[in-house]
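This report refers to the structure that appears directly beneath it.
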Amino acid sequence: MDYKEEIAKLLKKELKLNIDFLQLIEVPPTPEMGDYALPCFTLAKELKKAPQQIANELAPLFKSSWLDKAEAKGPYINFFIKKSCFFEDVISKIQKEKSNYGSSKEGKGKNALVEHTSINPNASPHVGRARNALIGDSIVRILKFQGYKTETHYFVNDVGKQIAMLVYGAGKKKVTFSGLLQLYVDINNKVKENPELEKEVFSLLNKLENGDKATKQKFKAIVDTCIKGQAKIFGELDIKYDFFDYESQYLWNKRTDEILKMLKKTGKLSEDEEGRMVLNQEEYSLPTKAPFLVLTRADKTSLYPLRDIAYTIDKANRAKGKNIVVLGEDQKLYFQQVNSALDLLKFKAPEAVHYAFVLLSDGKMSTRQGNVVLLEDFMKDAVSKANEEIKKRYGKADLKTAKAIAYGAVKYAMLKVANEKNVTFDMDTALNFEGETGPYIQYTYARARSILRKAKKVPAKADYCLLSADSEKKLLVALCAFPEAVKAAEAHYRPTDIAQHILDIAQAFNEFYHSCQCLSDCVEPKLRDARLLLVSSTSIVLKTGLSLLGIDAPEKM
RNA sequence: GGACCUGUAGCCUAGCCUGGAUAGGGCGACAGCCUUCUAAGCUGUAGAUCGCAAGUUCAAAUCUUGCCAGGUCCA
């Protein structure tokens, strides 16, 4: 039962006003003040009475089987739900739905296409780039949880100058994934010192675009090495892709020509004084200096934006429902330009999820300059730290658990911060496993599981009237709010909402853990049963919440 | 020059969309708690002009405007 809605119904019955009461109902700041509250300020205006007076007059009128009492406190009416009903409702729902608890199932029968990661295939990914993959992967998990049939795409920019630089830098040498970053840094320095070399790089690119077989081979070799390496790292983090879409296919197929033809029909495509094809986007009043998007070179070969428009149109055609793309904030304006082109051709543009950059304490990360924290290094450090901690506690290493903890720390560290905020990355802070971290939540789960293991059996039913501690109530309230958190996370494509909420649950559980015993002999068997169900419900919700962030929940740690 | 995002204790962060009760957490610091279900935990103390200013409102961290600072972008 949704008590908020029930209260709104009661209000409607009493007041007969045409107001959306559901909107007005809130949760009071502390549990002693009740479970839900109605501020009477808005009513004061409608009824032309002081809010305190309204609260006083109205409060005694509310009666219902599930309502313990409604109490006026200043300008508020505080509603207290009958404890047994509240616990019964939430716990039985969790126990019944198990790992599906929290899913609105609103995506059932619907489809979603998500493009994420799509980083330059020029080196091992740094933690800044990883933010895209982590956010994207979590969004995919959330959508799947809500019932969407979801497919994941990675757009591989295998045509750009960066790849040409690598091909040029590699020469005849065979490159390895781990050597790519150094190669990239070196060749950038070399070209900087001797700008003449850039011509060679562009001639390689030119050869590629003209379909020169040997050059194609060289590009492919490097890109394959890189994608394979990246996929391995992301795969280690359990981030998988259904499709790798290569930009280069738009060099060989005729899609870009078709798009140009379509654009020509709109009358917005023209040739500029240099002979390039440019799209006039004036009508969209984008905040650019000039309202033109350059689509081709003078020789009419495609530029990146044109290939990207072609790809985005292909995706729009393919997507049967939601169509989402995760992009860095640097792509915001450019994305609007691409969108406007799609709009002009009457295609539905994807929804973008933007995120801000990850910074280092001493400045920005730059692959070109090599001052980056590589995701794989972060992962490695985290694993060895986790293993040390395990050794400290259990005397011997356990790689599987260490990885679960380490990757939980890596993912949580990146996902707990709102997408649009810059993250200042500091390895020491990120490797702290205490406080608001993935391991803290995993630890909480392991504690709950430990109790359940020792209890051997969780009863099917219990008398929830016996649960009278504040910490029990607080925990229940947090569990009850989980579906809303999932809904919010889905609506705004914000995994952070879930990260924050399961932290609340974990904190509430740990408080409960310290103040309420379950297995001690001093605990009445009936109370023990009720508490065990609360523990079991917590473990279910924590595991689900973690899984939506792509984080494993080890049974022991 | 223009556009978007961000600004909350020494540091990090929630709340802002949808205004409402005492601005939640965490790190770090300090003081406690393991012969009781995992101390990767818990409790307590200190620490906040919610960037600044004005406006709207009975009520502003939240809405509006201007300014300042950081991030991002503008063939």
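Just remember, in the structure tokens the first chain shown is A, the second B, etc., residues are 1-based per chain, and ligands are 1-based in the order shown.
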Item to check | Contacts of Ala489 (chain A) within 12 Å, only C-alpha atoms (C1' of nucleotides), excl. fewer than 4 positions in-chain, as a PyMOL selection string | outcome: chain A and resi 102-104+135+138-143+145-146+415+418-419+482-485+493-501+545+548-549
What are the closest atom pairs, with distances in Å to one decimal, for all residues of chain B lying within 10 Å of chain A? Consider only C-alpha atoms (C1' of nucleotides), order rows by chain and residue number, and present the result as a tab-separated table.
```
residue	atom	partner	partner_atom	distance
B:G1	C1'	A:Lys289	CA	9.5
B:G2	C1'	A:Pro287	CA	6.4
B:A3	C1'	A:Pro287	CA	5.1
B:C4	C1'	A:Lys332	CA	7.8
B:C5	C1'	A:Glu420	CA	6.5
B:U6	C1'	A:Lys421	CA	6.2
B:C12	C1'	A:Thr424	CA	9.0
B:U13	C1'	A:Val417	CA	7.4
B:A14	C1'	A:Gln500	CA	7.8
B:U18	C1'	A:Gln23	CA	7.7
B:G20	C1'	A:Pro39	CA	6.8
B:A21	C1'	A:Pro29	CA	7.3
B:U22	C1'	A:Pro29	CA	8.5
B:G24	C1'	A:Pro29	CA	9.4
B:G25	C1'	A:Glu436	CA	8.0
B:G26	C1'	A:Glu436	CA	5.5
B:C27	C1'	A:Gly435	CA	7.6
B:U36	C1'	A:Ser520	CA	7.0
B:C37	C1'	A:Ile451	CA	5.3
B:U38	C1'	A:Arg447	CA	5.9
B:A40	C1'	A:Glu434	CA	5.7
B:G41	C1'	A:Asn510	CA	7.1
B:C42	C1'	A:His514	CA	6.3
B:U43	C1'	A:Glu511	CA	9.8
B:C58	C1'	A:Phe41	CA	8.3
B:A59	C1'	A:Phe41	CA	9.1
B:G70	C1'	A:Asn422	CA	9.9
B:G71	C1'	A:Asn422	CA	7.2
B:U72	C1'	A:Asp330	CA	5.2
B:C73	C1'	A:Asp330	CA	5.8
B:C74	C1'	A:Thr288	CA	4.5
B:A75	C1'	A:Val294	CA	5.5
```
Item to check | Residue neighbourhood Val541 (chain A), 9 Å, only C-alpha atoms (C1' of nucleotides), exclusion window fewer than 5 positions, as a list in words | outcome: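 Close residues of Val541 (chain A): Ile94, Lys98, Ser99, Tyr101, Gly102, Leu479, Phe482, Ile502, Ile505, Ser536 and Leu546 of chain A.
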Could you write out that same residue set with C-alpha atoms as a PDB file, in the first residue's frame?
```pdb
ATOM      1  CA  ILE A  94      10.323  -7.433  -0.352  1.00  0.00           C
ATOM      2  CA  LYS A  98      12.901 -10.702  -3.750  1.00  0.00           C
ATOM      3  CA  SER A  99      15.442  -9.437  -6.283  1.00  0.00           C
ATOM      4  CA  TYR A 101      11.730  -5.494  -5.356  1.00  0.00           C
ATOM      5  CA  GLY A 102      12.127  -1.911  -6.471  1.00  0.00           C
ATOM      6  CA  LEU A 479      13.857   0.122   2.500  1.00  0.00           C
ATOM      7  CA  PHE A 482      14.029   2.149  -2.522  1.00  0.00           C
ATOM      8  CA  ILE A 502      21.704   2.336  -0.699  1.00  0.00           C
ATOM      9  CA  ILE A 505      20.043   1.903   3.845  1.00  0.00           C
ATOM     10  CA  SER A 536      16.779 -10.549   5.220  1.00  0.00           C
ATOM     11  CA  LEU A 546      24.595  -2.715  -5.691  1.00  0.00           C
TER      12      LEU A 546
END
```
DSSP helix (DSSP H, G or I) residues within region 141-304 of chain A, listed as a short mmCIF file (atom, residue, chain, number, x, y, z; two decimals) with C-alpha atoms, in the first residue's frame:
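Produced file out-v2.cif, reproduced below:
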```cif
data_model
loop_
_atom_site.label_atom_id
_atom_site.label_comp_id
_atom_site.auth_asym_id
_atom_site.auth_seq_id
_atom_site.Cartn_x
_atom_site.Cartn_y
_atom_site.Cartn_z
CA ARG A 141 21.42 -2.06 -15.67
CA ILE A 142 18.72 0.24 -14.32
CA LEU A 143 16.76 0.09 -17.58
CA LYS A 144 17.01 -3.69 -17.69
CA PHE A 145 15.85 -3.85 -14.08
CA LYS A 161 43.94 11.84 -36.69
CA GLN A 162 44.87 10.19 -33.37
CA ILE A 163 44.81 6.77 -34.96
CA ALA A 164 46.80 8.04 -37.91
CA MET A 165 49.36 9.39 -35.43
CA LEU A 166 49.65 5.98 -33.84
CA VAL A 167 49.97 4.25 -37.19
CA TYR A 168 52.68 6.71 -38.18
CA GLY A 169 54.43 6.41 -34.84
CA ALA A 170 54.36 2.64 -34.88
CA PHE A 177 48.05 -2.45 -25.90
CA SER A 178 50.23 -1.48 -22.96
CA GLY A 179 52.66 0.31 -25.26
CA LEU A 180 50.02 2.48 -26.90
CA LEU A 181 49.96 5.31 -24.38
CA GLN A 182 53.73 5.85 -24.49
CA LEU A 183 53.67 5.61 -28.27
CA TYR A 184 50.91 8.21 -28.40
CA VAL A 185 52.72 10.59 -26.06
CA ASP A 186 56.01 10.17 -27.96
CA ILE A 187 54.57 10.74 -31.39
CA ASN A 188 52.67 13.81 -30.20
CA ASN A 189 55.90 15.29 -28.85
CA LYS A 190 57.74 14.43 -32.03
CA VAL A 191 55.14 16.12 -34.22
CA LYS A 192 55.12 19.13 -31.94
CA GLU A 193 58.88 19.51 -32.35
CA LEU A 197 55.73 15.35 -39.85
CA GLU A 198 52.06 16.20 -39.63
CA LYS A 199 51.90 16.03 -43.41
CA GLU A 200 52.89 12.38 -43.26
CA VAL A 201 50.16 11.73 -40.73
CA PHE A 202 47.56 13.33 -42.95
CA SER A 203 48.80 11.47 -45.98
CA LEU A 204 48.23 8.24 -44.07
CA LEU A 205 44.71 9.36 -43.28
CA ASN A 206 44.23 10.24 -46.92
CA LYS A 207 45.43 6.83 -48.04
CA LEU A 208 43.04 5.20 -45.60
CA GLU A 209 40.08 7.17 -46.86
CA LYS A 213 44.48 -1.85 -48.58
CA ALA A 214 47.80 -1.87 -46.74
CA THR A 215 46.93 1.33 -44.85
CA LYS A 216 43.52 -0.03 -43.94
CA GLN A 217 45.27 -3.08 -42.55
CA LYS A 218 47.61 -0.96 -40.43
CA PHE A 219 44.77 1.09 -38.99
CA LYS A 220 42.77 -2.01 -38.30
CA ALA A 221 45.64 -3.68 -36.50
CA ILE A 222 46.09 -0.77 -34.13
CA VAL A 223 42.38 -0.23 -33.55
CA ASP A 224 41.82 -3.94 -32.94
CA THR A 225 44.65 -4.08 -30.43
CA CYS A 226 43.22 -1.10 -28.66
CA ILE A 227 39.60 -2.16 -28.63
CA LYS A 228 40.58 -5.62 -27.48
CA GLY A 229 42.58 -4.13 -24.63
CA GLN A 230 39.83 -1.73 -23.64
CA ALA A 231 37.16 -4.39 -23.82
CA LYS A 232 39.26 -6.59 -21.58
CA ILE A 233 39.56 -3.89 -18.92
CA PHE A 234 35.87 -3.01 -19.06
CA GLY A 235 35.01 -6.69 -19.20
CA GLU A 236 36.97 -7.20 -16.00
CA GLN A 249 32.13 1.81 -42.18
CA TYR A 250 30.79 5.26 -43.10
CA LEU A 251 33.83 5.74 -45.31
CA TRP A 252 33.08 2.62 -47.32
CA ARG A 255 25.29 6.43 -46.20
CA THR A 256 26.99 9.82 -46.04
CA ASP A 257 26.13 10.50 -49.71
CA GLU A 258 22.50 9.65 -48.99
CA ILE A 259 22.48 11.96 -46.00
CA LEU A 260 23.95 14.77 -48.10
CA LYS A 261 21.23 14.25 -50.69
CA MET A 262 18.56 14.41 -48.01
CA LEU A 263 20.06 17.54 -46.56
CA LYS A 264 20.27 19.13 -49.97
CA LYS A 265 16.50 18.74 -50.33
CA GLU A 282 20.55 29.38 -38.25
CA GLU A 283 16.95 28.45 -37.43
CA TYR A 284 18.09 26.50 -34.37
CA TYR A 304 33.50 13.49 -38.72
#
```
Checklist entry - Tell me, which residues of region 337-469 of chain A carry DSSP strand (DSSP E), written as a VMD selection string? => result chain A and resid 351 to 355 358 to 360 363 to 364 423 to 425
Need to verify the contact set: region 48-53 of chain B, 10 Å, only C-alpha atoms (C1' of nucleotides), exclusion of same-chain residues closer than 6 positions in sequence. Can you return it as a short mmCIF file (atom, residue, chain, number, x, y, z; two decimals) with C-alpha atoms (C1' of nucleotides), in the first residue's frame?
```cif
data_model
loop_
_atom_site.label_atom_id
_atom_site.label_comp_id
_atom_site.auth_asym_id
_atom_site.auth_seq_id
_atom_site.Cartn_x
_atom_site.Cartn_y
_atom_site.Cartn_z
"C1'" G B 7 30.01 26.78 -6.19
"C1'" U B 8 27.01 23.97 0.69
"C1'" A B 9 32.49 23.28 7.42
"C1'" A B 23 20.83 22.28 5.94
"C1'" A B 61 20.34 26.38 -0.06
"C1'" G B 66 23.01 40.81 -11.70
"C1'" C B 67 28.00 39.99 -10.24
"C1'" C B 68 32.38 36.84 -8.80
"C1'" A B 69 35.16 32.13 -9.15
#
```
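Minimum atom-to-atom distance to G28 (chain B), evaluated using only C-alpha atoms (C1' of nucleotides), belongs to B:G10 out of B:U65, B:G44, B:C16, B:G10.
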So that I can see what lies close to A29 (chain B), please list as a PDB file with C-alpha atoms (C1' of nucleotides), in the first residue's frame the residues with an atom at most 12 Å from it, counting only C-alpha atoms (C1' of nucleotides) and leaving out residues fewer than 3 positions away in the same chain.
```
ATOM      1  C1'   G B  10      39.995  22.288   6.332  1.00  0.00           C
ATOM      2  C1'   U B  45      32.682  16.607  20.300  1.00  0.00           C
ATOM      3  C1'   A B  46      34.519  20.569  17.362  1.00  0.00           C
ATOM      4  C1'   G B  47      33.714  22.455  12.413  1.00  0.00           C
TER       5        G B  47
END
```
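What separates CA of Ala508 (chain A) from CA of Lys4 (chain A) is a distance of 21.8 Å.
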Checklist entry - Between CA of Ala37 (chain A) and CA of Ile25 (chain A), what is the spacing in Å? => result 5.7 Å
